[in-house]
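The block underneath contains the structure these notes are about, expressed in structure tokens.
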Number of protein chains: 2
Amino acid sequence: MSDERPDLAAMLHPLLRALIAAEMPVLAEHDVSMWGYAVLTALDDTPVRTQAALAEAIGADKSRIIGTLDELQEAGLIERTPDPNDRRVRLLSITPKGRRVRSAVRKGIRAAEDRLLATLPAADRETFLRAVRELYDAH
Amino acid sequence: MSDERPDLAAMLHPLLRALIAAEMPVLAEHDVSMWGYAVLTALDDTPVRTQAALAEAIGADKSRIIGTLDELQEAGLIERTPDPNDRRVRLLSITPKGRRVRSAVRKGIRAAEDRLLATLPAADRETFLRAVRELYDAH
DNA sequence: TATTGTTATACTCTATAACTATA
DNA sequence: TATAGTTATAGAGTATAACAATA
């Protein structure tokens with residue numbers, strides 16, 4: 001029986017798709033993209049950074065997040081201020097409004113996760129989340 | 001503590017990436033693409049099907065698997081024979097060689113999975129796999 | 001008219017390379 | 001010259017639509 005299961009990636013892939021699909025309405029409700037939410041999260045957890053460092057932190061290329069930063073700035077969720085010490089860099093920071101949006105989105109996403117995980121017995125769910133976190137930290 | 005973790009999708013995404021990266025060398029070693037392996041797996045588990053049904057089964061579009069089928073047929077891993085009863089459809093079947101390749105690839109992939117999961121305590125690993133399977137079956 | 005397999009087209013992501021302005 | 005941010009270009013992957021053969 002234990003060898004009859006599908007490959008791990010073959011199971012995780014549709015699972016992740018379902019998870020993302022469940023998060024889409026939450027993101028749409030608050031008018032942020034997935035990358036926008038990732039940026040808000042990174043900025044909220046560690047306030048100031050250069051754009052390149054931010055990109056690195058969320059696993060994207062520096063050129064790829066620019067559109068996202070433009071949108072977030074336009075919406076007043078982040079600020080980009082020139083660094084007086086080195087006028088090449090733009091100091092990034094999340095605004096109070098950005099923090100509120102991030103918090104609201106996270107709450108909605110956690111609720112969606114809970115619904116998706118609801119079929120698991122509580123003990124298994126705990127272990128599952130702990131295992132995912134451990135694997136995530138290791139890679 | 002339980003609220004301090006990253007979002008589930010934010011953890012699963014890089015995890016899946018790492019898993020896929022670990023599988024790449026195995027696939028390359030046996031000269032099959034990821035989709036090719038998915039096709040072999042689907043055909044091995046339920047032998048005969050139309051291309052459209054096969055595509056549906058592996059979560060792809062019927063137009064998207066054609067190149068994959070061409071490659072597999074070229075390599076002698078599957079056969080496409082016209083259905084005498086309905087000459088529009090091509091009956092699909094996996095060849096003995098295809099079965100061997102599928103089996104060898106799966107063995108390599110399972111080994112890669114084991115290495116990736118090795119950091120987890122045995123009990124947690126069991127529960128993790130059981131939970132993933134249950135969630136996968138539910139979606 | 002509907003369906004199977006196929007080809008062609010377009011659209012989304014992403015990766016890479018140029019360009020500017022500063023240093 | 002090297003680096004931060006930006007823009008432009010090209011590639012992979014995917015989704016959709018059109019097409020020919022058959023039912």
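Convention: chains lettered A, B, ... in structure tokens order; per-chain residue numbering from 1; ligands numbered from 1 as shown.
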Identify all chain D residues at most 8 Å from chain A by counting only C-alpha atoms (C1' of nucleotides); ligands do not count. Present them as a PDB file with all heavy atoms, in the first residue's frame.
ATOM      1  P    DA D   4      23.776  46.895  -5.921  1.00  0.00           P
ATOM      2  OP1  DA D   4      23.545  46.640  -4.495  1.00  0.00           O
ATOM      3  OP2  DA D   4      23.677  45.798  -6.904  1.00  0.00           O
ATOM      4  O5'  DA D   4      22.789  48.069  -6.373  1.00  0.00           O
ATOM      5  C5'  DA D   4      22.613  49.183  -5.520  1.00  0.00           C
ATOM      6  C4'  DA D   4      21.420  50.001  -5.962  1.00  0.00           C
ATOM      7  O4'  DA D   4      21.712  50.568  -7.251  1.00  0.00           O
ATOM      8  C3'  DA D   4      20.136  49.198  -6.131  1.00  0.00           C
ATOM      9  O3'  DA D   4      19.026  49.906  -5.591  1.00  0.00           O
ATOM     10  C2'  DA D   4      19.981  48.990  -7.616  1.00  0.00           C
ATOM     11  C1'  DA D   4      20.808  50.113  -8.234  1.00  0.00           C
ATOM     12  N9   DA D   4      21.593  49.612  -9.373  1.00  0.00           N
ATOM     13  C8   DA D   4      22.329  48.457  -9.414  1.00  0.00           C
ATOM     14  N7   DA D   4      22.926  48.257 -10.560  1.00  0.00           N
ATOM     15  C5   DA D   4      22.561  49.357 -11.313  1.00  0.00           C
ATOM     16  C6   DA D   4      22.864  49.742 -12.632  1.00  0.00           C
ATOM     17  N6   DA D   4      23.652  49.024 -13.445  1.00  0.00           N
ATOM     18  N1   DA D   4      22.343  50.896 -13.086  1.00  0.00           N
ATOM     19  C2   DA D   4      21.561  51.623 -12.265  1.00  0.00           C
ATOM     20  N3   DA D   4      21.207  51.357 -11.005  1.00  0.00           N
ATOM     21  C4   DA D   4      21.746  50.204 -10.596  1.00  0.00           C
ATOM     22  P    DG D   5      17.593  49.230  -5.640  1.00  0.00           P
ATOM     23  OP1  DG D   5      16.776  49.803  -4.556  1.00  0.00           O
ATOM     24  OP2  DG D   5      17.777  47.781  -5.722  1.00  0.00           O
ATOM     25  O5'  DG D   5      17.020  49.761  -7.021  1.00  0.00           O
ATOM     26  C5'  DG D   5      16.683  51.134  -7.139  1.00  0.00           C
ATOM     27  C4'  DG D   5      16.445  51.455  -8.607  1.00  0.00           C
ATOM     28  O4'  DG D   5      17.541  50.935  -9.375  1.00  0.00           O
ATOM     29  C3'  DG D   5      15.180  50.824  -9.195  1.00  0.00           C
ATOM     30  O3'  DG D   5      14.254  51.852  -9.509  1.00  0.00           O
ATOM     31  C2'  DG D   5      15.656  50.090 -10.434  1.00  0.00           C
ATOM     32  C1'  DG D   5      17.061  50.624 -10.662  1.00  0.00           C
ATOM     33  N9   DG D   5      17.974  49.672 -11.272  1.00  0.00           N
ATOM     34  C8   DG D   5      18.470  48.520 -10.722  1.00  0.00           C
ATOM     35  N7   DG D   5      19.283  47.862 -11.519  1.00  0.00           N
ATOM     36  C5   DG D   5      19.319  48.632 -12.665  1.00  0.00           C
ATOM     37  C6   DG D   5      20.030  48.432 -13.877  1.00  0.00           C
ATOM     38  O6   DG D   5      20.790  47.502 -14.173  1.00  0.00           O
ATOM     39  N1   DG D   5      19.790  49.460 -14.786  1.00  0.00           N
ATOM     40  C2   DG D   5      18.978  50.541 -14.558  1.00  0.00           C
ATOM     41  N2   DG D   5      18.869  51.424 -15.539  1.00  0.00           N
ATOM     42  N3   DG D   5      18.311  50.743 -13.428  1.00  0.00           N
ATOM     43  C4   DG D   5      18.530  49.757 -12.531  1.00  0.00           C
ATOM     44  P    DT D   6      12.793  51.440 -10.057  1.00  0.00           P
ATOM     45  OP1  DT D   6      11.861  52.568  -9.830  1.00  0.00           O
ATOM     46  OP2  DT D   6      12.472  50.106  -9.537  1.00  0.00           O
ATOM     47  O5'  DT D   6      13.037  51.323 -11.628  1.00  0.00           O
ATOM     48  C5'  DT D   6      13.531  52.456 -12.330  1.00  0.00           C
ATOM     49  C4'  DT D   6      13.829  52.089 -13.783  1.00  0.00           C
ATOM     50  O4'  DT D   6      14.875  51.113 -13.833  1.00  0.00           O
ATOM     51  C3'  DT D   6      12.653  51.466 -14.540  1.00  0.00           C
ATOM     52  O3'  DT D   6      12.127  52.465 -15.410  1.00  0.00           O
ATOM     53  C2'  DT D   6      13.278  50.290 -15.307  1.00  0.00           C
ATOM     54  C1'  DT D   6      14.773  50.451 -15.067  1.00  0.00           C
ATOM     55  N1   DT D   6      15.560  49.192 -14.964  1.00  0.00           N
ATOM     56  C2   DT D   6      16.353  48.799 -16.010  1.00  0.00           C
ATOM     57  O2   DT D   6      16.438  49.429 -17.050  1.00  0.00           O
ATOM     58  N3   DT D   6      17.064  47.640 -15.798  1.00  0.00           N
ATOM     59  C4   DT D   6      17.050  46.851 -14.662  1.00  0.00           C
ATOM     60  O4   DT D   6      17.715  45.840 -14.585  1.00  0.00           O
ATOM     61  C5   DT D   6      16.191  47.317 -13.603  1.00  0.00           C
ATOM     62  C7   DT D   6      16.099  46.548 -12.328  1.00  0.00           C
ATOM     63  C6   DT D   6      15.503  48.453 -13.795  1.00  0.00           C
TER      64       DT D   6
END
Who sits within 12 Å of Arg130 (chain B), only C-alpha atoms (C1' of nucleotides), same chain under 6 positions skipped, as an MDAnalysis selection string: (chainID A and resid 1:2 5:6 8 11 120:121 124:125 127:128 131) or (chainID B and resid 123:124 136:137)
Within 9 Å of chain A: each chain C residue with its shortest pair, only C-alpha atoms (C1' of nucleotides), as a tab-separated table:
residue	atom	partner	partner_atom	distance
C:DT14	C1'	A:Arg64	CA	8.2
C:DA15	C1'	A:Asp61	CA	8.4
C:DA21	C1'	A:Arg88	CA	7.1
C:DT22	C1'	A:Arg88	CA	5.5
C:DA23	C1'	A:Asp86	CA	7.7
Nearest to Pro96 (chain A) by atom-to-atom distance, counting only C-alpha atoms, from A:Glu134, A:Asp7, A:Glu79, A:Glu29: A:Glu79
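Listed by chain and then by rising number, the residues of chain A that DSSP assigns to strand (DSSP E) from the backbone are Ile78, Glu79, Arg80, Thr81, Pro82, Arg90, Leu91, Leu92, Ser93 and Ile94 of chain A.
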Please write the residues from the selection above to a file, keeping C-alpha atoms, as a PDB file, in the first residue's frame.
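out_15.pdb, freshly written:
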ATOM      1  CA  ILE A  78       4.493  51.064   0.174  1.00  0.00           C
ATOM      2  CA  GLU A  79       6.848  54.005  -0.117  1.00  0.00           C
ATOM      3  CA  ARG A  80       9.973  54.365  -2.218  1.00  0.00           C
ATOM      4  CA  THR A  81      12.190  57.143  -0.984  1.00  0.00           C
ATOM      5  CA  PRO A  82      15.629  57.937  -2.392  1.00  0.00           C
ATOM      6  CA  ARG A  90      15.356  53.574  -3.195  1.00  0.00           C
ATOM      7  CA  LEU A  91      14.613  52.848   0.440  1.00  0.00           C
ATOM      8  CA  LEU A  92      11.534  50.666   0.685  1.00  0.00           C
ATOM      9  CA  SER A  93       9.002  50.734   3.481  1.00  0.00           C
ATOM     10  CA  ILE A  94       5.475  49.531   4.048  1.00  0.00           C
TER      11      ILE A  94
END
Residues of chain A in helix (DSSP H, G or I), written as a ChimeraX atom specification: /A:8-29,34-45,51-57,66-74,96-117,122-138
Selection: 8 Å around Glu113 (chain B), only C-alpha atoms (C1' of nucleotides), excl. self and same-chain fewer than 3 positions, as a list of chain:residue names: A:Leu8, B:Leu19, B:Ile109, B:Arg110, B:Leu116, B:Leu117
Keeping all heavy atoms for every residue in the selection just given, could you write it to a file as an mmCIF file, in the first residue's frame?
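Result written to selection-v6.cif:
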data_model
loop_
_atom_site.group_PDB
_atom_site.id
_atom_site.type_symbol
_atom_site.label_atom_id
_atom_site.label_comp_id
_atom_site.auth_asym_id
_atom_site.auth_seq_id
_atom_site.Cartn_x
_atom_site.Cartn_y
_atom_site.Cartn_z
ATOM 1 N N LEU A 8 5.257 12.085 -4.746
ATOM 2 C CA LEU A 8 4.998 13.229 -3.867
ATOM 3 C C LEU A 8 4.711 14.506 -4.661
ATOM 4 O O LEU A 8 3.746 15.225 -4.380
ATOM 5 C CB LEU A 8 6.201 13.434 -2.937
ATOM 6 C CG LEU A 8 6.079 14.511 -1.873
ATOM 7 C CD1 LEU A 8 4.808 14.326 -1.067
ATOM 8 C CD2 LEU A 8 7.299 14.510 -0.960
ATOM 9 N N LEU B 19 11.698 19.757 -4.951
ATOM 10 C CA LEU B 19 11.356 18.376 -5.302
ATOM 11 C C LEU B 19 11.526 18.156 -6.799
ATOM 12 O O LEU B 19 12.137 17.167 -7.246
ATOM 13 C CB LEU B 19 9.909 18.114 -4.877
ATOM 14 C CG LEU B 19 9.453 16.691 -4.606
ATOM 15 C CD1 LEU B 19 10.442 15.965 -3.719
ATOM 16 C CD2 LEU B 19 8.080 16.710 -3.969
ATOM 17 N N ILE B 109 12.886 8.521 -8.516
ATOM 18 C CA ILE B 109 12.143 9.631 -7.915
ATOM 19 C C ILE B 109 11.849 9.358 -6.449
ATOM 20 O O ILE B 109 11.968 10.248 -5.600
ATOM 21 C CB ILE B 109 10.835 9.891 -8.714
ATOM 22 C CG1 ILE B 109 11.185 10.620 -10.016
ATOM 23 C CG2 ILE B 109 9.847 10.672 -7.888
ATOM 24 C CD1 ILE B 109 9.987 10.979 -10.860
ATOM 25 N N ARG B 110 11.486 8.112 -6.163
ATOM 26 C CA ARG B 110 11.232 7.768 -4.758
ATOM 27 C C ARG B 110 12.483 7.938 -3.918
ATOM 28 O O ARG B 110 12.440 8.394 -2.774
ATOM 29 C CB ARG B 110 10.717 6.318 -4.643
ATOM 30 C CG ARG B 110 9.332 6.105 -5.216
ATOM 31 C CD ARG B 110 8.291 6.921 -4.468
ATOM 32 N NE ARG B 110 7.055 7.048 -5.229
ATOM 33 C CZ ARG B 110 6.011 6.247 -5.092
ATOM 34 N NH1 ARG B 110 6.046 5.251 -4.237
ATOM 35 N NH2 ARG B 110 4.940 6.441 -5.825
ATOM 36 N N LEU B 116 14.996 13.902 0.351
ATOM 37 C CA LEU B 116 14.444 15.198 0.746
ATOM 38 C C LEU B 116 13.685 15.119 2.066
ATOM 39 O O LEU B 116 13.664 16.072 2.851
ATOM 40 C CB LEU B 116 13.509 15.697 -0.366
ATOM 41 C CG LEU B 116 13.181 17.178 -0.344
ATOM 42 C CD1 LEU B 116 13.378 17.793 -1.721
ATOM 43 C CD2 LEU B 116 11.744 17.411 0.109
ATOM 44 N N LEU B 117 13.059 13.984 2.313
ATOM 45 C CA LEU B 117 12.267 13.831 3.534
ATOM 46 C C LEU B 117 13.098 13.312 4.703
ATOM 47 O O LEU B 117 12.586 13.162 5.818
ATOM 48 C CB LEU B 117 11.097 12.867 3.284
ATOM 49 C CG LEU B 117 10.068 13.294 2.242
ATOM 50 C CD1 LEU B 117 9.006 12.207 2.057
ATOM 51 C CD2 LEU B 117 9.397 14.600 2.636
#
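Near Gly59 (chain B), within 12 Å and counting only C-alpha atoms (C1' of nucleotides), sit Ala10, His13, Pro14 and Arg17 of chain A; Trp35, Ala38, Val39, Ala42, Ala52, Ala53 and Ile65 of chain B; DT14 of chain D, not including residues fewer than 6 positions from it in the same chain.
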Store the residues of this selection in a file with all heavy atoms, as a short mmCIF file (atom, residue, chain, number, x, y, z; two decimals), in the first residue's frame.
data_model
loop_
_atom_site.label_atom_id
_atom_site.label_comp_id
_atom_site.auth_asym_id
_atom_site.auth_seq_id
_atom_site.Cartn_x
_atom_site.Cartn_y
_atom_site.Cartn_z
N ALA A 10 3.61 14.74 -7.62
CA ALA A 10 2.33 14.60 -8.34
C ALA A 10 1.15 14.89 -7.42
O ALA A 10 0.07 15.26 -7.87
CB ALA A 10 2.21 13.19 -8.92
N HIS A 13 1.59 19.09 -6.37
CA HIS A 13 1.31 20.06 -7.41
C HIS A 13 -0.17 20.45 -7.47
O HIS A 13 -0.49 21.63 -7.36
CB HIS A 13 1.79 19.54 -8.77
CG HIS A 13 1.72 20.56 -9.86
ND1 HIS A 13 0.83 20.47 -10.90
CD2 HIS A 13 2.40 21.71 -10.05
CE1 HIS A 13 0.99 21.51 -11.70
NE2 HIS A 13 1.94 22.28 -11.21
N PRO A 14 -1.09 19.50 -7.62
CA PRO A 14 -2.51 19.90 -7.62
C PRO A 14 -2.95 20.50 -6.30
O PRO A 14 -3.84 21.36 -6.27
CB PRO A 14 -3.25 18.59 -7.91
CG PRO A 14 -2.27 17.51 -7.72
CD PRO A 14 -0.90 18.06 -7.85
N ARG A 17 -1.99 24.04 -6.41
CA ARG A 17 -2.91 24.73 -7.32
C ARG A 17 -4.23 25.05 -6.62
O ARG A 17 -4.76 26.16 -6.74
CB ARG A 17 -3.19 23.84 -8.55
CG ARG A 17 -1.96 23.54 -9.39
CD ARG A 17 -1.69 24.61 -10.39
NE ARG A 17 -2.60 24.52 -11.53
CZ ARG A 17 -2.36 25.06 -12.70
NH1 ARG A 17 -1.24 25.75 -12.89
NH2 ARG A 17 -3.21 24.95 -13.69
N TRP B 35 6.33 15.58 -18.43
CA TRP B 35 5.04 15.22 -19.00
C TRP B 35 5.08 13.80 -19.57
O TRP B 35 4.10 13.06 -19.49
CB TRP B 35 4.62 16.21 -20.08
CG TRP B 35 4.10 17.50 -19.52
CD1 TRP B 35 4.67 18.73 -19.62
CD2 TRP B 35 2.90 17.67 -18.75
NE1 TRP B 35 3.91 19.66 -18.95
CE2 TRP B 35 2.83 19.06 -18.43
CE3 TRP B 35 1.90 16.82 -18.31
CZ2 TRP B 35 1.77 19.58 -17.67
CZ3 TRP B 35 0.86 17.35 -17.56
CH2 TRP B 35 0.80 18.71 -17.25
N ALA B 38 4.63 11.52 -16.78
CA ALA B 38 3.22 11.57 -16.35
C ALA B 38 2.35 10.71 -17.26
O ALA B 38 1.46 10.00 -16.80
CB ALA B 38 2.73 13.01 -16.33
N VAL B 39 2.64 10.78 -18.55
CA VAL B 39 1.87 9.98 -19.51
C VAL B 39 2.12 8.50 -19.29
O VAL B 39 1.18 7.69 -19.25
CB VAL B 39 2.24 10.37 -20.96
CG1 VAL B 39 1.73 9.34 -21.95
CG2 VAL B 39 1.67 11.75 -21.29
N ALA B 42 0.25 7.33 -16.22
CA ALA B 42 -1.19 7.23 -16.43
C ALA B 42 -1.52 6.00 -17.28
O ALA B 42 -2.47 5.26 -17.00
CB ALA B 42 -1.72 8.50 -17.10
N ALA B 52 -7.61 12.42 -25.66
CA ALA B 52 -8.32 13.45 -24.91
C ALA B 52 -8.53 13.00 -23.46
O ALA B 52 -8.33 13.78 -22.53
CB ALA B 52 -9.66 13.75 -25.56
N ALA B 53 -8.91 11.74 -23.29
CA ALA B 53 -9.13 11.22 -21.94
C ALA B 53 -7.82 11.20 -21.15
O ALA B 53 -7.79 11.51 -19.97
CB ALA B 53 -9.72 9.81 -22.01
N ILE B 65 -0.41 17.63 -25.10
CA ILE B 65 0.35 16.39 -24.90
C ILE B 65 0.83 15.78 -26.21
O ILE B 65 1.54 14.78 -26.21
CB ILE B 65 -0.49 15.34 -24.14
CG1 ILE B 65 -1.72 14.95 -24.96
CG2 ILE B 65 -0.90 15.85 -22.78
CD1 ILE B 65 -2.45 13.77 -24.39
P DT D 14 3.22 23.94 -18.52
OP1 DT D 14 2.96 23.55 -17.13
OP2 DT D 14 3.60 22.94 -19.53
"O5'" DT D 14 1.95 24.75 -19.04
"C5'" DT D 14 1.57 25.94 -18.37
"C4'" DT D 14 0.53 26.69 -19.18
"O4'" DT D 14 1.11 27.15 -20.41
"C3'" DT D 14 -0.68 25.84 -19.58
"O3'" DT D 14 -1.82 26.30 -18.86
"C2'" DT D 14 -0.82 26.07 -21.09
"C1'" DT D 14 0.07 27.26 -21.34
N1 DT D 14 0.69 27.33 -22.69
C2 DT D 14 0.31 28.33 -23.55
O2 DT D 14 -0.52 29.17 -23.25
N3 DT D 14 0.94 28.31 -24.77
C4 DT D 14 1.89 27.40 -25.21
O4 DT D 14 2.37 27.48 -26.33
C5 DT D 14 2.24 26.37 -24.26
C7 DT D 14 3.26 25.34 -24.63
C6 DT D 14 1.64 26.39 -23.05
#
Contacts of Val101 (chain B) within 10 Å, only C-alpha atoms (C1' of nucleotides), excl. fewer than 3 positions in-chain, as an NGL selection string: :B and (27 or 30-32 or 37 or 40 or 77 or 95-98 or 104-107)
Residues from the last selection, N, CA, C and O atoms, saved as a compact mmCIF listing (two decimals), in the first residue's frame:
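Just written: part12.txt:
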# COMPACT_ATOMS: atom_id res chain seq x y z
N LEU B 27 14.92 12.11 -14.50
CA LEU B 27 14.22 12.13 -15.78
C LEU B 27 15.22 12.22 -16.94
O LEU B 27 15.10 11.50 -17.93
N HIS B 30 16.95 9.08 -17.95
CA HIS B 30 16.17 8.12 -18.73
C HIS B 30 15.53 8.76 -19.97
O HIS B 30 14.66 8.16 -20.60
N ASP B 31 15.97 9.96 -20.28
CA ASP B 31 15.53 10.62 -21.51
C ASP B 31 14.02 10.76 -21.63
O ASP B 31 13.46 10.54 -22.71
N VAL B 32 13.39 11.12 -20.54
CA VAL B 32 11.96 11.44 -20.62
C VAL B 32 11.70 12.79 -19.98
O VAL B 32 12.41 13.19 -19.05
N TYR B 37 6.83 11.34 -18.44
CA TYR B 37 6.72 10.44 -17.30
C TYR B 37 5.28 10.39 -16.78
O TYR B 37 4.77 9.32 -16.44
N LEU B 40 3.38 8.12 -19.15
CA LEU B 40 3.71 6.71 -18.92
C LEU B 40 3.01 6.19 -17.66
O LEU B 40 2.47 5.08 -17.64
N LEU B 77 8.27 3.95 -26.41
CA LEU B 77 7.77 3.76 -25.05
C LEU B 77 6.25 3.61 -25.01
O LEU B 77 5.70 3.07 -24.06
N THR B 95 4.37 0.35 -23.95
CA THR B 95 5.12 -0.83 -24.39
C THR B 95 5.88 -1.42 -23.20
O THR B 95 6.02 -0.76 -22.17
N PRO B 96 6.36 -2.65 -23.33
CA PRO B 96 7.19 -3.22 -22.26
C PRO B 96 8.37 -2.32 -21.92
O PRO B 96 8.68 -2.09 -20.75
N LYS B 97 8.99 -1.77 -22.94
CA LYS B 97 10.11 -0.86 -22.71
C LYS B 97 9.64 0.38 -21.93
O LYS B 97 10.32 0.85 -21.02
N GLY B 98 8.46 0.88 -22.31
CA GLY B 98 7.91 2.03 -21.60
C GLY B 98 7.66 1.72 -20.14
O GLY B 98 7.89 2.55 -19.26
N ALA B 104 11.79 2.38 -13.65
CA ALA B 104 13.12 2.85 -13.26
C ALA B 104 13.07 4.31 -12.80
O ALA B 104 13.67 4.68 -11.79
N VAL B 105 12.32 5.13 -13.53
CA VAL B 105 12.20 6.53 -13.17
C VAL B 105 11.53 6.66 -11.81
O VAL B 105 11.98 7.43 -10.95
N ARG B 106 10.48 5.89 -11.62
CA ARG B 106 9.78 5.99 -10.35
C ARG B 106 10.70 5.62 -9.19
O ARG B 106 10.70 6.29 -8.15
N LYS B 107 11.49 4.58 -9.39
CA LYS B 107 12.42 4.19 -8.34
C LYS B 107 13.37 5.35 -8.01
O LYS B 107 13.60 5.67 -6.84
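Ranking B:Ala55, B:Ser33, B:Asp45, B:Leu69 by their shortest atom-to-atom distance to chain A, with only C-alpha atoms included, puts B:Asp45 first.
Proximity ranking of B:Val26, B:Pro47, B:Ile58, B:Gly67 relative to chain A places B:Ile58 first, based on only C-alpha atoms.
Counting only C-alpha atoms and comparing A:Leu16, A:Glu4, A:Met34, A:Thr46, the residue that lies closest to chain B is A:Leu16.
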